[in-house]
Amino acid sequence: MTQYTFTHQEFLQQQLQDPAFRAAYEALTPAYELKRLRILKKISQAELARRVGTKQPSIARLESGYGFRNLTFLKKVADALDATVEIRITPKKLTAAPKTKPRVTRAAGAGKKKKLRT
C-alpha cells in the first residue's frame with residue numbers, strides 16, 4: 001500500500017479545484033477570520049457579545065458561518081475586535097472582447113469622383 005503525505009496547504013489547493021468545495025470554503029472564510037481574530041485577541045465569545053451588545057449564541061452563530069444578520073451587526077463586531085469590514089464586488093467571469101480587426105466600409109459611391117453641375 002502506498003502512503004501519501006502532503007501539507008494542509010497542498011490538500012486545500014487540491015480541494016479548491018472542486019467548484020462546490022470552493023463555494024462552501026469561500027462562504028465560510030469571513031466567519032473563520034472573525035473567529036481567528038477573536039482568538040488572537042484572547043477574547044471569549046461571551047466577552048465579544050458583551051462588547052457588541054448581544055448574546056453569546058449570536059457570536060457563535062456568526063463564527064459558524066450561519067449567523068450573519070446584517071452589515072450593521074458585522075460592523076459592530078469588527079469594531080469590538082478593533083478591525084474593519086471590507087466588501088468587494090468582483091465579476092464572476094471576465095469576458096474579453098473578441099479579437100477581430102475593425103472593418104472599414106465605404107458608403108455607396110464613396111471614393112468616386114463626381115462631376116459637378118453648374
# chains A, B, ... in the order shown; residues from 1 in each chain; ligands from 1
>>> residues_around(residues="Ser44 of chain A", least_positions_apart="2", cutoff="12 Å", atoms="only C-alpha atoms", output="list in words")
Lys35, Arg36, Leu37, Arg38, Ile39, Leu40, Lys41, Lys42, Ala46, Glu47, Leu48, Ala49, Arg50, Arg51, Lys55, Gln56, Pro57, Ile59, Ala60, Ala80 and Leu81 of chain A
>>> residues_around(residues="segment 61-63 of chain A", least_positions_apart="2", cutoff="10 Å", atoms="only C-alpha atoms", output="ChimeraX atom specification")
/A:28-36,38,45,56-59,65-69,73-74,77
>>> atom_distance(atom1="atom CA of His8 of chain A", atom2="atom CA of Tyr25 of chain A")
14.2 Å
>>> atom_distance(atom1="atom CA of Asn70 of chain A", atom2="atom CA of Leu94 of chain A")
28.8 Å
>>> select_by_dssp(residues="segment 52-87 of chain A", states="helix (DSSP H, G or I)", output="ChimeraX atom specification")
/A:52,56-64,71-80
>>> write_last_selection(atoms="C-alpha atoms", output="PDB file, in the first residue's frame")
ATOM      1  CA  VAL A  52     -21.234  44.245  20.818  1.00  0.00           C
ATOM      2  CA  GLN A  56     -23.020  34.776  23.148  1.00  0.00           C
ATOM      3  CA  PRO A  57     -25.109  32.468  20.898  1.00  0.00           C
ATOM      4  CA  SER A  58     -25.255  35.260  18.290  1.00  0.00           C
ATOM      5  CA  ILE A  59     -21.460  35.332  18.170  1.00  0.00           C
ATOM      6  CA  ALA A  60     -21.295  31.530  17.993  1.00  0.00           C
ATOM      7  CA  ARG A  61     -23.723  31.515  15.049  1.00  0.00           C
ATOM      8  CA  LEU A  62     -21.751  34.245  13.304  1.00  0.00           C
ATOM      9  CA  GLU A  63     -18.497  32.316  13.730  1.00  0.00           C
ATOM     10  CA  SER A  64     -20.114  29.141  12.402  1.00  0.00           C
ATOM     11  CA  LEU A  71     -23.777  44.710   7.831  1.00  0.00           C
ATOM     12  CA  THR A  72     -24.522  46.902  10.832  1.00  0.00           C
ATOM     13  CA  PHE A  73     -24.119  43.921  13.171  1.00  0.00           C
ATOM     14  CA  LEU A  74     -20.954  42.824  11.373  1.00  0.00           C
ATOM     15  CA  LYS A  75     -19.541  46.361  11.708  1.00  0.00           C
ATOM     16  CA  LYS A  76     -20.250  46.310  15.465  1.00  0.00           C
ATOM     17  CA  VAL A  77     -18.420  43.002  15.796  1.00  0.00           C
ATOM     18  CA  ALA A  78     -15.487  44.306  13.746  1.00  0.00           C
ATOM     19  CA  ASP A  79     -15.342  47.480  15.865  1.00  0.00           C
ATOM     20  CA  ALA A  80     -15.315  45.391  19.044  1.00  0.00           C
TER      21      ALA A  80
END
